[in-house]
Amino acid sequence: MTSAAPVRRRRWPVPPSLLVGLAPLVLFAAVSAWRARPSDDYPTLGQTVDSVVRSLVVPEGIAVVALAVVVSGLGWWRIATVDPTRTPLRWTMIAPLGILLVCLVRLPLIDCSALPVRYFLLLTVGVLFVGVFEELMTRGVLLVGLRRRMPEFAVWAVSCVLFGLLHLLNVLAGAGLGTTAVQVVFAASFGSTLYVTRRLTGSLVPAMLLHAFWDFGSIGFSATVRPGDTSLLVPAGIIGLFSFAVLAFGIVAGGVVAWRDDRPRRLRRRWRTVPPMAADAVRGDEPRLQAV
């Protein structure tokens, strides 16, 4: 009698887990808090070539490599970057397209002659690192972990809130409390639009690129605008108001997409609560009176 070959236990990929999904976010927050110094001049972030290299390219490049190693070890590349089903709610495309429009109309406001060409090349690399890292961490690994324990509506809400709260760390780097509070709200609403982008396209890559494009325009504009120049106040104000309107729409769109995904779950819970006697009555099994 021959013995059966021993079954080898498969170690990889690691099964989706809430704790594993949260781990990169917690670790990144801890490292950022440890590196931050209250004496840092946060408003000058990305204003010079040296600042772009020191504050964006180098640290974000290291973070991307480290996170890529983690995702590879977990075996989560596909589930973290690809959604098997896309949302059929095409009207929600207004949110990412609106953000893309803001990025495009903001480009002419950047004075490309104010800084050398290598600044914009390095800035492009830096914001690409930011987009890849933050999206892979929040709309990727974190989303996988949250989906293990939560319905999709809670996944959408918690991922957006955590993405916003992550920007509270800017206070430790010298940012003002009021400015940081606005950033937290903005980042949370922007996260909803990026969530919609992933759900519409079925891929995390468009969200990464949209995130990077937004950061490029934001940092590039603040780095090249001349102090005291009032000629850009009106166009910048109009773009800002339109941005807030698009982001508000993105919150609604993200919530509706996630709520629609939970409809089968809600129906299962509703039918699970039906009393057994109701099913018996349909089959005609109700008790009959016996004749005397």
# chains A, B, ... in the order shown; residues from 1 in each chain; ligands from 1
call {"tool": "residues_around", "arguments": {"residues": "A:Ser192", "least_positions_apart": "3", "cutoff": "7 Å", "atoms": "only C-alpha atoms", "output": "MDAnalysis selection string"}}
result
chainID A and resid 160 188:189 195:196 250:251 254
call {"tool": "select_by_dssp", "arguments": {"residues": "stretch 4-143 of chain A", "states": "helix (DSSP H, G or I)", "output": "number ranges by chain"}}
result
A: 18-35, 42-44, 49-74, 77-81, 90-109, 117-143
call {"tool": "residues_around", "arguments": {"residues": "A:Leu100", "least_positions_apart": "4", "cutoff": "9 Å", "atoms": "only C-alpha atoms", "output": "JSON, numbers by chain"}}
result
{"A": [95, 96, 104, 105, 210, 213, 214]}
call {"tool": "closest_residue", "arguments": {"among": "A:Pro13, A:Val225, A:Leu136, A:Val117", "to": "A:Ala66", "atoms": "only C-alpha atoms"}}
result
A:Leu136
call {"tool": "atom_distance", "arguments": {"atom1": "atom CA of A:Leu67", "atom2": "atom CA of A:Val141"}}
result
9.5 Å
